[in-house]
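One structure is given below, encoded as structure tokens.
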Amino acid sequence: MPRPILFRLAKAAGLLYLVIIVTGLSSELLLRGPLLAPDNALQTATNISANMTGFRLSLLLDLVMILSDVALAFLLYLLFAPISPVLAALMSAFRMVQAAILGANLFNQTMALTLLTLPGDLPGREALSLANLLLQAQGYDLGLAFFGVSCGLLALILLQSPGLPRWIGWLMAGAAPVYVAGAALRIIAPGGVAAFEPAYVVPLLAELAFCLWLLLRAAQAFTPRP
């Protein structure tokens, strides 16, 4: 593939990855997460009603993140298919499955929003709204299990290919089990999810490093040597 096209593909992938990181973290950590009181449906409903703009914005940012992820999966396939067509296809496919799950999962937040904004008196709306938001959290982790597999496949590509950053490959290899283990904990031992959260520092570092590499160094790495 000509160098100018590789350069544009790598830059576009890096920019999309940056959008995903910023929108995903902003939506969960800054806008939606602080509004949730998992053991208090009434307090959660009160928090959302008082910050309705931020709650709606978190929904929009998640939508932007998911759309960007679909586009990124396609670009990563184009970049890595010449190196390993099978691994690149599997990596992108698992990333697409994650995007599909997260897209469907947005209905949970939409339902919570609808319940809290319906006119009239609807008995139990606060409890139903909180239940949908807790389902959204579970759905998010379920999607991350597929993303963890995608990270593992990307790690294999980076580790087996000369000229590609092996250190990022090792970071991705460390990120993969964190995502999968987090999803498993959500299912079999939800009480341990909070204690496990510091482990997500590894995936954050891995994804930031990969994003910066795509933006700054990837085009040179993919350019064939004379």
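By order of appearance in the structure tokens: chains A, B, ..., then residues from 1 within every chain, and ligands from 1 in the order shown.
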
With only C-alpha atoms as the counted atoms, please give the residues lying no more than 12 Å from region 146-148 of chain A, apart from itself and same-chain residues fewer than 6 positions off, as a PDB file with N, CA and C atoms, in the first residue's frame.
```
ATOM      1  N   ASP A  69     -15.794   3.402  17.014  1.00  0.00           N
ATOM      2  CA  ASP A  69     -15.209   2.075  17.179  1.00  0.00           C
ATOM      3  C   ASP A  69     -15.447   1.202  15.953  1.00  0.00           C
ATOM      4  N   ALA A  73     -12.393  -0.265  13.736  1.00  0.00           N
ATOM      5  CA  ALA A  73     -12.219  -1.696  13.465  1.00  0.00           C
ATOM      6  C   ALA A  73     -11.895  -1.927  11.993  1.00  0.00           C
ATOM      7  N   LEU A  90     -10.026 -11.454  12.596  1.00  0.00           N
ATOM      8  CA  LEU A  90     -10.587 -11.843  13.894  1.00  0.00           C
ATOM      9  C   LEU A  90     -10.569 -10.673  14.875  1.00  0.00           C
ATOM     10  N   MET A  91      -9.460  -9.943  14.895  1.00  0.00           N
ATOM     11  CA  MET A  91      -9.351  -8.788  15.779  1.00  0.00           C
ATOM     12  C   MET A  91     -10.473  -7.782  15.503  1.00  0.00           C
ATOM     13  N   SER A  92     -10.693  -7.470  14.241  1.00  0.00           N
ATOM     14  CA  SER A  92     -11.721  -6.501  13.876  1.00  0.00           C
ATOM     15  C   SER A  92     -13.117  -7.054  14.140  1.00  0.00           C
ATOM     16  N   ALA A  93     -13.303  -8.358  13.908  1.00  0.00           N
ATOM     17  CA  ALA A  93     -14.617  -8.967  14.133  1.00  0.00           C
ATOM     18  C   ALA A  93     -15.010  -8.899  15.607  1.00  0.00           C
ATOM     19  N   PHE A  94     -14.082  -9.235  16.494  1.00  0.00           N
ATOM     20  CA  PHE A  94     -14.392  -9.172  17.921  1.00  0.00           C
ATOM     21  C   PHE A  94     -14.638  -7.735  18.367  1.00  0.00           C
ATOM     22  N   ARG A  95     -13.923  -6.802  17.760  1.00  0.00           N
ATOM     23  CA  ARG A  95     -14.156  -5.390  18.090  1.00  0.00           C
ATOM     24  C   ARG A  95     -15.544  -4.963  17.618  1.00  0.00           C
ATOM     25  N   MET A  96     -15.951  -5.453  16.455  1.00  0.00           N
ATOM     26  CA  MET A  96     -17.292  -5.157  15.935  1.00  0.00           C
ATOM     27  C   MET A  96     -18.382  -5.742  16.828  1.00  0.00           C
ATOM     28  N   VAL A  97     -18.151  -6.953  17.334  1.00  0.00           N
ATOM     29  CA  VAL A  97     -19.130  -7.560  18.241  1.00  0.00           C
ATOM     30  C   VAL A  97     -19.272  -6.695  19.489  1.00  0.00           C
ATOM     31  N   GLN A  98     -18.147  -6.223  20.007  1.00  0.00           N
ATOM     32  CA  GLN A  98     -18.214  -5.318  21.156  1.00  0.00           C
ATOM     33  C   GLN A  98     -19.067  -4.091  20.842  1.00  0.00           C
ATOM     34  N   ALA A  99     -18.847  -3.501  19.677  1.00  0.00           N
ATOM     35  CA  ALA A  99     -19.603  -2.307  19.289  1.00  0.00           C
ATOM     36  C   ALA A  99     -21.094  -2.614  19.181  1.00  0.00           C
ATOM     37  N   ALA A 100     -21.418  -3.797  18.643  1.00  0.00           N
ATOM     38  CA  ALA A 100     -22.827  -4.173  18.518  1.00  0.00           C
ATOM     39  C   ALA A 100     -23.478  -4.319  19.892  1.00  0.00           C
ATOM     40  N   ILE A 101     -22.758  -4.930  20.829  1.00  0.00           N
ATOM     41  CA  ILE A 101     -23.295  -5.095  22.181  1.00  0.00           C
ATOM     42  C   ILE A 101     -23.480  -3.741  22.854  1.00  0.00           C
ATOM     43  N   LEU A 102     -22.495  -2.874  22.735  1.00  0.00           N
ATOM     44  CA  LEU A 102     -22.599  -1.563  23.367  1.00  0.00           C
ATOM     45  C   LEU A 102     -23.703  -0.725  22.723  1.00  0.00           C
ATOM     46  N   GLY A 139     -24.050  -4.799  30.762  1.00  0.00           N
ATOM     47  CA  GLY A 139     -23.895  -4.931  29.322  1.00  0.00           C
ATOM     48  C   GLY A 139     -22.578  -4.362  28.827  1.00  0.00           C
ATOM     49  N   TYR A 140     -22.143  -3.280  29.458  1.00  0.00           N
ATOM     50  CA  TYR A 140     -20.869  -2.663  29.075  1.00  0.00           C
ATOM     51  C   TYR A 140     -19.717  -3.635  29.315  1.00  0.00           C
ATOM     52  N   LEU A 154      -4.690  -8.451  18.748  1.00  0.00           N
ATOM     53  CA  LEU A 154      -3.797  -7.358  18.343  1.00  0.00           C
ATOM     54  C   LEU A 154      -2.409  -7.569  18.937  1.00  0.00           C
ATOM     55  N   ALA A 155      -2.359  -8.029  20.188  1.00  0.00           N
ATOM     56  CA  ALA A 155      -1.067  -8.300  20.819  1.00  0.00           C
ATOM     57  C   ALA A 155      -0.286  -9.338  20.023  1.00  0.00           C
ATOM     58  N   MET A 172      -0.791  -4.711  25.446  1.00  0.00           N
ATOM     59  CA  MET A 172      -2.078  -5.228  24.991  1.00  0.00           C
ATOM     60  C   MET A 172      -2.313  -6.652  25.501  1.00  0.00           C
ATOM     61  N   ALA A 173      -1.244  -7.431  25.565  1.00  0.00           N
ATOM     62  CA  ALA A 173      -1.365  -8.780  26.111  1.00  0.00           C
ATOM     63  C   ALA A 173      -1.774  -8.740  27.584  1.00  0.00           C
ATOM     64  N   GLY A 174      -1.344  -7.700  28.297  1.00  0.00           N
ATOM     65  CA  GLY A 174      -1.760  -7.543  29.675  1.00  0.00           C
ATOM     66  C   GLY A 174      -3.168  -6.990  29.807  1.00  0.00           C
ATOM     67  N   ALA A 175      -3.585  -6.173  28.834  1.00  0.00           N
ATOM     68  CA  ALA A 175      -4.923  -5.580  28.879  1.00  0.00           C
ATOM     69  C   ALA A 175      -6.007  -6.615  28.618  1.00  0.00           C
ATOM     70  N   ALA A 176      -5.721  -7.572  27.736  1.00  0.00           N
ATOM     71  CA  ALA A 176      -6.741  -8.540  27.322  1.00  0.00           C
ATOM     72  C   ALA A 176      -7.353  -9.298  28.501  1.00  0.00           C
ATOM     73  N   PRO A 177      -6.547  -9.912  29.374  1.00  0.00           N
ATOM     74  CA  PRO A 177      -7.166 -10.655  30.488  1.00  0.00           C
ATOM     75  C   PRO A 177      -7.870  -9.764  31.492  1.00  0.00           C
ATOM     76  N   VAL A 178      -7.460  -8.504  31.591  1.00  0.00           N
ATOM     77  CA  VAL A 178      -8.142  -7.584  32.510  1.00  0.00           C
ATOM     78  C   VAL A 178      -9.585  -7.377  32.058  1.00  0.00           C
ATOM     79  N   TYR A 179      -9.773  -7.127  30.765  1.00  0.00           N
ATOM     80  CA  TYR A 179     -11.130  -6.930  30.243  1.00  0.00           C
ATOM     81  C   TYR A 179     -11.977  -8.197  30.401  1.00  0.00           C
ATOM     82  N   VAL A 180     -11.395  -9.338  30.076  1.00  0.00           N
ATOM     83  CA  VAL A 180     -12.154 -10.591  30.168  1.00  0.00           C
ATOM     84  C   VAL A 180     -12.470 -10.918  31.628  1.00  0.00           C
ATOM     85  N   ALA A 181     -11.485 -10.741  32.515  1.00  0.00           N
ATOM     86  CA  ALA A 181     -11.704 -11.028  33.934  1.00  0.00           C
ATOM     87  C   ALA A 181     -12.741 -10.085  34.533  1.00  0.00           C
ATOM     88  N   GLY A 182     -12.723  -8.814  34.121  1.00  0.00           N
ATOM     89  CA  GLY A 182     -13.715  -7.863  34.618  1.00  0.00           C
ATOM     90  C   GLY A 182     -15.126  -8.270  34.242  1.00  0.00           C
ATOM     91  N   ALA A 183     -15.297  -8.748  33.027  1.00  0.00           N
ATOM     92  CA  ALA A 183     -16.612  -9.212  32.588  1.00  0.00           C
ATOM     93  C   ALA A 183     -17.038 -10.455  33.353  1.00  0.00           C
ATOM     94  N   ALA A 184     -16.087 -11.369  33.572  1.00  0.00           N
ATOM     95  CA  ALA A 184     -16.408 -12.587  34.317  1.00  0.00           C
ATOM     96  C   ALA A 184     -16.788 -12.268  35.760  1.00  0.00           C
ATOM     97  N   TYR A 200      -7.714  -1.814  35.750  1.00  0.00           N
ATOM     98  CA  TYR A 200      -7.991  -1.205  34.451  1.00  0.00           C
ATOM     99  C   TYR A 200      -6.966  -0.133  34.078  1.00  0.00           C
ATOM    100  N   PRO A 203      -5.092  -1.624  30.891  1.00  0.00           N
ATOM    101  CA  PRO A 203      -5.697  -1.358  29.584  1.00  0.00           C
ATOM    102  C   PRO A 203      -5.649   0.109  29.185  1.00  0.00           C
ATOM    103  N   ALA A 206      -2.247   0.785  27.875  1.00  0.00           N
ATOM    104  CA  ALA A 206      -2.061   0.090  26.600  1.00  0.00           C
ATOM    105  C   ALA A 206      -2.761   0.836  25.468  1.00  0.00           C
ATOM    106  N   GLU A 207      -3.985   1.250  25.705  1.00  0.00           N
ATOM    107  CA  GLU A 207      -4.740   1.923  24.643  1.00  0.00           C
ATOM    108  C   GLU A 207      -4.208   3.318  24.353  1.00  0.00           C
TER     109      GLU A 207
END
```

At most 10 Å is the cut-off: for each residue in region 141-211 of chain A with any atom that close to an atom of region 20-24 of chain A, write down the nearest atom pair and the distance in Å rounded to one decimal, counting only C-alpha atoms, chain first then increasing number, as a tab-separated table.
```
residue	atom	partner	partner_atom	distance
A:Leu204	CA	A:Ile21	CA	8.7
A:Glu207	CA	A:Ile21	CA	8.1
A:Leu208	CA	A:Ile21	CA	7.9
A:Cys211	CA	A:Ile21	CA	9.0
```

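Between CA of Arg56 (chain A) and CA of Thr114 (chain A) the separation is 10.9 Å.
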
Could you give me the residues within region 91-127 of chain A that DSSP places in helix (DSSP H, G or I), as a tab-separated table (two decimals) with C-alpha atoms, in the first residue's frame?
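Generated output (result-v1.tsv):
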```
chain	number	residue	atom	x	y	z
A	91	MET	CA	-9.35	-8.79	15.78
A	92	SER	CA	-11.72	-6.50	13.88
A	93	ALA	CA	-14.62	-8.97	14.13
A	94	PHE	CA	-14.39	-9.17	17.92
A	95	ARG	CA	-14.16	-5.39	18.09
A	96	MET	CA	-17.29	-5.16	15.93
A	97	VAL	CA	-19.13	-7.56	18.24
A	98	GLN	CA	-18.21	-5.32	21.16
A	99	ALA	CA	-19.60	-2.31	19.29
A	100	ALA	CA	-22.83	-4.17	18.52
A	101	ILE	CA	-23.30	-5.10	22.18
A	102	LEU	CA	-22.60	-1.56	23.37
A	103	GLY	CA	-24.96	-0.16	20.74
A	104	ALA	CA	-27.77	-2.42	21.88
A	105	ASN	CA	-26.86	-1.61	25.47
A	106	LEU	CA	-27.69	2.06	24.90
A	107	PHE	CA	-31.35	1.07	25.01
A	108	ASN	CA	-30.95	0.56	28.76
A	109	GLN	CA	-29.89	4.17	29.31
A	110	THR	CA	-32.55	5.36	26.86
A	111	MET	CA	-35.17	3.42	28.82
A	112	ALA	CA	-33.98	4.96	32.09
A	113	LEU	CA	-34.21	8.41	30.54
A	114	THR	CA	-37.68	7.70	29.17
A	115	LEU	CA	-38.95	6.45	32.53
A	116	LEU	CA	-37.73	9.55	34.33
A	117	THR	CA	-39.14	12.01	31.80
A	125	ARG	CA	-40.28	4.57	37.85
A	126	GLU	CA	-37.20	5.34	39.97
A	127	ALA	CA	-36.55	1.66	40.71
```

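Among the candidate residues A:Val86, A:Leu212, A:Leu78, A:Gly169, the one lying nearest to Ile5 (chain A) is A:Leu78, with distances computed using only C-alpha atoms.
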